[in-house]
Amino acid sequence: MLDYFLQHILSFSIWLPILAGGLVLFTANDNKPNLTRWAALFGSVVSFLVTIPLYTHFNFADGGFQFQENFLWIMSFNIHYHLGADGIAIPLILLTSFTTVIVVISAWEVIEKRVAQYMASFLIMSGLMIGVFSALDAILYYVFWEAMLIPMFLVIGIWGGPNRVYATVKFFLYTLLGSLLMLVAFIYMFHQTGSFAITDYYQLPMSLDVQVLIFLAFFAAFAVKIPMWPVHTWLPDAHVEAPTGGSVVLAAIALKLGGYSFLRFAMPIAPDAAHHLSGFMIALSLIAIVYIALVALVQKDMKKLIAYSSISHMGFVTLGFFIFNNLGLEGAVVQMVSHGFISAAMFLCVGVLYDRVHSRQIEAYGGVANTMPVFAAFAVLFAMANSGLPGTSGFVGEFMVILGAIQVNFWYAFLASFTLIFGAAYTLWMVKRVFYGEVANANVAALKDLNKREFLILAILAILVLALGVYPQPLTDMTNATVTQLLSHLANSKLPVGL
Amino acid sequence: MENIRYDLITALPEIILLGMAMLVLIADLFLKQSNRIAIYGLSQLGLLLAAYFTVTTHVPSVGYAFTGTFVDDTLADVLKLMIYVGTSLIFVYTRQYIQLRNMFRGEFYALVLFSVVGMMIMVSGQSMLTLYIGLELLSLSLYALVALDRDNHRATEAAMKYFVLGALASGMLLYGMSMIYGMTGSLNISDINHALMSGARIHSVLVLGLVFIVAGLAFKLGAVPFQMWVPDVYEGSPTAMTMLISSVPKLAAFAFVIRLLAQALPTLAVDWQQMLLIMAVLSIVLGNVTAIAQTNLKRMLAYSTISHVGFVLLGLMSASGNGYVSALFYIASYVVMTLAGFGIILLLSRKGFEAENLSDLKGLNQRSPWIAFLMLIVMFSMAGVPPTLGFYAKFAVLQAALQAGFLWVVVFAVLMAVIGAFYYLRVIKLMYFDEPQDNSPIVAPFDMRVILSMNALALLAIGIMPQGLMSVCFYAISRSLS
C-alpha cells in the first residue's frame, strides 16, 4: 500500500487537488459557503500532506529524476505520461501545495460570491502547476503549462478589480503566444528524435543555429512567464487586478514555472546557445534588477510596487542561471523558493489592508502601525526580508547569486548588488509611508488588528522566512546534487561532432 | 447476378436511408401534428440502421461496386459513421427549436436525410460523376432547408445567396472535371491516377482543370478567397440549419478533397500543394482577424469556421499520409466542437427569441453554471488550449506541416492562433465576467441536456485520452490510401 503510494506519489500530488477541486464545485451553494470552505481546506491540506513524502523519501545523493512514473499515453506520437522530480523540482512542488493551503485560508471570508468556483480554481491550478514541475514528457508538460492558464484566467477575470478584463486577457494572450512558439520547438525536436521525452532532447546534438532558434522559442515562453524585461508588462496589470489569492499564486508559483523551465528545458536542451546568448540574458537580468527596481520606487499602488519588486527579484534568478556556476545556480533556486514565501506574504499583507479599506494606494494609508501593531510587526519583517536583510530568506539567495557573479565578472556583481540598496529603498519607503507617522485619516483610525485567521497564515510564513534565512541547509542539501549534475551537463557541448 | 447483389449490399446503408427518407415523406402525410414525433423516431431509426449495416458490411480491404464508380473502404465507413452520429445529434438538438418555430414537419427530416445520403455518396464516390451527384444532392437539400421557414426574410435571402454561389461553385467544379476528363479519358478516380502516372499529358491543361477543381472545392469548404457566402449564410439561416451546414457536410467535403486531390491527382501534388498553402494561410488570417470584429455569435462562428478550414488545409497541404490523418483528425474534432457550440446556442434560444448575439451570453455563469462550463470547454477547444480536443487537432496539423518542411508557415499559423484565442476568450469573458442581461430560465428537454453535456464533455475526455480517435483516423487513411 505504502509502496504503491510512493511509486505514484507524483500522480497523487497532481490529481488529488484536481479531484478535490472537482468535488468542491459540487458543494456550490452561496447560501452555505462554509461547507465549501471546509471542503476546500480539507482538500488542500490533504494535498499538501501527500507531497511531504517527496521530501522525507528523497535521496539526497541522487541528482537525477526520482519518483518516476512512465506509461505510454498517446501512441501515435509516442507521447508518454512520464513524471519525475529532481532536487530543483521538489522544493517548488512543496511550495505549490503549501501555498494552496495558504490561499484557501486567506480567502476564507474575503470571497463571498461564487466561493466554490474560487476555491476549485485554486485547487485545480495547484495540481496543474505540480504537473508542470514534474512532467518529463514535453507534451505532458505543455498540457499542464497551458491548462494552468484557464483557472488563472477565470480567477483574475471573475474576482478581480475594475480593470480585470484587460489584465486577464493580456495575461492569457502573452503567455499563449510564448508557449505556442515553444510547442513548435517541441514538434521540431520530435521530428528529430521521434520522441517527446525531455531526456532524449538532452542527448540530441544540434548545430548552433538550430540551438539558438530553439533557445529563443523557449525564451519566448519562459521569459514572459518569469517575467523578464521587456516582456514583463502583463505582470503589474495582472497583479493589480487579481484578487489576493490570485496575486499570491502568480507571484509565489507561476513566476517560478518560468524559472524552473529554463533549467529544465532551455538550458540543458540548447547548452551551446545558452552559453552563446548568456551575455544577452545577463544583460536583460541586470536591466530587470536595476531598472525595474527604480520603476518600483515610483509606484503609488502597493500591489504594483510588489509586482515590480517581483520582477526585479526574478532578475536575480535569471542572473544566477546564466553565470553557470554552482553558487549562482543554487542561489537562484533558493531565491525562487524564498521569493515564493516573501512575495506571498507581501501580497497577503496588502490583502489584509485592502479587505479593510478597499484601497491599494499608498497615499490612502499612514500610521497603520498605531492601529494595527501586530500586523505592522509582520509587515515590517516581510519588508525587511524583501529588501534582503541578513537572517531572512531573502538574503541567502541574493547573497549566493552575488557571490557567484563576482567569480565571473566583478561588474555583474556590482550592478546586481544595487538591488540591495534599491530594494531597501522602495520597500522601506513604502513601509514608512503606510505604517509610520500620524494616523492619516478616519479609515486608518477605524482599522482593527489581525484576526486569528490572518495571524495564523502570516505567522506561518514569518517562521518559514526566518527559518530559511537562518538555516537554509535543508533546501541546499536537496538542490546540491541536481545543480552539480546540471552544471556538468551544461559544460558539455552538444554541437554535432565534425562541425 | 452476383455482381448486382454485391453492389446492393455495398450500398445498403445509402439505400436504407433513402428508403427511410421516402417513408418519412409519406408518413408525414398521414400524421397529425401531435403524432409527428414518430417522424423524429423514424429518422433516428434510419440512422441507426444505416450505422448497423455500415459496421456489419465493413471489411478492412477496399471494395468497388457499380462498375467501379462506388467505393467501400475504411475511410468511407469511418466518415459515414461520424456523419450518422453528427446527424443524430443534430436531430436531438434541433427538435425543440424547430417545434417552437413551426418547422417540425416531415420536410425537415426528409431533407436532412436526403442530405445525409448525398454526403454518403460523396464519401463513397469513386468516379467524378458520382462525387458530383452526391455533392448536388447534399447542396440542393441544404438550399431547401435554409429556405424552409419561407416567411423568414433573412433565411430566404441567405438561401438565395447560398444557392447562387453554390451553383457557381458546382459549375466551376464541373468545368475542371471536364478538363481532367479530356486529358485522361476517364472519370474514374483510380483510372485518372493511372493515366496520369503512365504518360506525359499537357501539363498546362491539367493545371487549368486543377485550378477550377480546387476553386470549386474551396467554395464548398468555405476557404479564402471563396468564403464570402459563409458568414451571410450562417447568420441568415435558422440556427438549426446553420448547425447542419457548418458541421457534418465538412466531413463529406473532406472525403471529396481526398478522393479528388489525394487519390485522383496525386501526380499534380506539387501544384495543388501551393494552392492549398495559399488558401490555408489566407483562411487562417482572414478568419481569425475578422472574427474579432463580429458582434453576432453565428457570424463569429462562421469566421471561426473559415480559420478552422485553413488549419484543415494546412494538414492536407502536406500531401502525406501523416498530413491526411491530421486533417481528418482536425475535421472530426471540429465537427464535435461545432455541434456542441451550436447545441448550446440552440439551448439558449426560446420561442420568439434567437440567442445569436454575443451579448446574449452575458452572465451565463450566473444563470446556469453548468451550461457556461460546457461553453467554456467548447471555446477553449476551438482556441486550441489543452487539455481539450482542439489542442490535439492543432498539434496534429502543425506537426504534419512541420514534417513537410513548412516551418515558417507553422510559426505564422501559431501567431494567428493567438489572435484567434482573443475572440474565444471574449465569449468566456461575457459568460463569466459580466452580469446577465436577461434572467429568463433556460428550458430544454432532458435528452438534449444530457446529450449536449456528453458532447461537450467529450471534448475534455477525448482531449485527455486522444489515442482512440487518432487510431481511428490513422486506420481510415492508411487502409484506404495506398
# chains A, B, ... in the order shown; residues from 1 in each chain; ligands from 1
$ interface_residues --of "chain B" --to "chain A" --cutoff "7 Å" --atoms "only C-alpha atoms" --output "PyMOL selection string"
chain B and resi 385-387+399+403+411+414-415+418+432-433+466-467+470
$ select_by_dssp --residues "range 68-203 of chain B" --states "helix (DSSP H, G or I)" --output "PyMOL selection string"
chain B and resi 74-100+106-124+128-146+153-184+189-198+203
$ residues_around --residues "range 178-187 of chain B" --least-positions-apart "3" --cutoff "9 Å" --atoms "only C-alpha atoms" --output "VMD selection string"
chain B and resid 69 126 to 129 173 to 175 190 to 193 195 to 196 201 to 202 205 to 210
$ residues_around --residues "range 45-60 of chain A" --least-positions-apart "4" --cutoff "7 Å" --atoms "only C-alpha atoms" --output "PyMOL selection string"
chain A and resi 13+16-17+41+90+94+97-98+101+477-478
$ residues_around --residues "Tyr141 in chain A" --least-positions-apart "5" --cutoff "12 Å" --atoms "only C-alpha atoms" --output "MDAnalysis selection string"
(chainID A and resid 79:84 128:136 146:148 179 182:183 186 196:198 257 261 264:265) or (chainID B and resid 386:387)
$ atom_distance --atom1 "CA of Ile342 in chain A" --atom2 "CA of Leu461 in chain A"
7.7 Å
$ residues_around --residues "range 455-458 of chain B" --least-positions-apart "2" --cutoff "7 Å" --atoms "only C-alpha atoms" --output "ChimeraX atom specification"
/B:340,374,377-378,451-453,460-462
$ atom_distance --atom1 "CA of Ile26 in chain B" --atom2 "CA of Gln44 in chain B"
16.4 Å
$ closest_residue --among "A:Pro162, A:Gly469, A:Pro373, A:Pro474" --to "Pro390 in chain A" --atoms "only C-alpha atoms"
A:Gly469
$ residues_around --residues "Met120 in chain B" --least-positions-apart "2" --cutoff "8 Å" --atoms "only C-alpha atoms" --output "short mmCIF file (atom, residue, chain, number, x, y, z; two decimals) with N, CA, C and O atoms, in the first residue's frame"
data_model
loop_
_atom_site.label_atom_id
_atom_site.label_comp_id
_atom_site.auth_asym_id
_atom_site.auth_seq_id
_atom_site.Cartn_x
_atom_site.Cartn_y
_atom_site.Cartn_z
N GLU B 14 -26.83 3.43 -47.81
CA GLU B 14 -27.42 4.52 -48.60
C GLU B 14 -28.86 4.18 -48.96
O GLU B 14 -29.77 5.01 -48.85
N ALA B 76 -14.33 5.57 -46.01
CA ALA B 76 -15.75 5.83 -46.23
C ALA B 76 -16.56 5.41 -45.02
O ALA B 76 -17.43 6.15 -44.55
N LYS B 80 -18.69 7.85 -42.71
CA LYS B 80 -20.14 7.68 -42.65
C LYS B 80 -20.61 7.55 -41.21
O LYS B 80 -21.60 8.16 -40.82
N VAL B 116 -28.00 13.67 -45.98
CA VAL B 116 -27.07 12.66 -45.46
C VAL B 116 -26.72 11.67 -46.55
O VAL B 116 -25.56 11.28 -46.72
N VAL B 117 -27.74 11.25 -47.33
CA VAL B 117 -27.45 10.33 -48.44
C VAL B 117 -26.46 10.98 -49.40
O VAL B 117 -25.51 10.35 -49.86
N GLY B 118 -26.67 12.27 -49.65
CA GLY B 118 -25.74 12.98 -50.52
C GLY B 118 -24.32 12.93 -49.98
O GLY B 118 -23.37 12.65 -50.70
N MET B 122 -20.96 11.24 -51.59
CA MET B 122 -19.68 11.97 -51.74
C MET B 122 -18.53 11.19 -51.11
O MET B 122 -17.43 11.14 -51.64
N VAL B 123 -18.84 10.63 -49.95
CA VAL B 123 -17.79 9.92 -49.22
C VAL B 123 -17.36 8.67 -49.97
O VAL B 123 -16.19 8.30 -49.97
N SER B 124 -18.32 8.03 -50.66
CA SER B 124 -18.02 6.77 -51.32
C SER B 124 -17.82 6.92 -52.82
O SER B 124 -17.63 5.92 -53.50
N GLY B 134 -23.41 13.24 -55.63
CA GLY B 134 -23.54 13.31 -54.18
C GLY B 134 -23.51 14.75 -53.70
O GLY B 134 -24.34 15.17 -52.89
N ALA B 252 -17.97 15.27 -45.34
CA ALA B 252 -18.11 14.84 -46.72
C ALA B 252 -17.18 15.63 -47.63
O ALA B 252 -16.56 15.07 -48.54
#
$ closest_residue --among "B:Gly125, B:Ala404, B:Tyr334, B:Gly384" --to "Ala264 in chain B" --atoms "only C-alpha atoms"
B:Gly125
$ atom_distance --atom1 "CA of Ile9 in chain A" --atom2 "CA of Gly245 in chain A"
26.2 Å
$ closest_residue --among "B:Lys32, B:Arg101, B:Arg5, B:Arg154" --to "Gly352 in chain B" --atoms "only C-alpha atoms"
B:Arg101
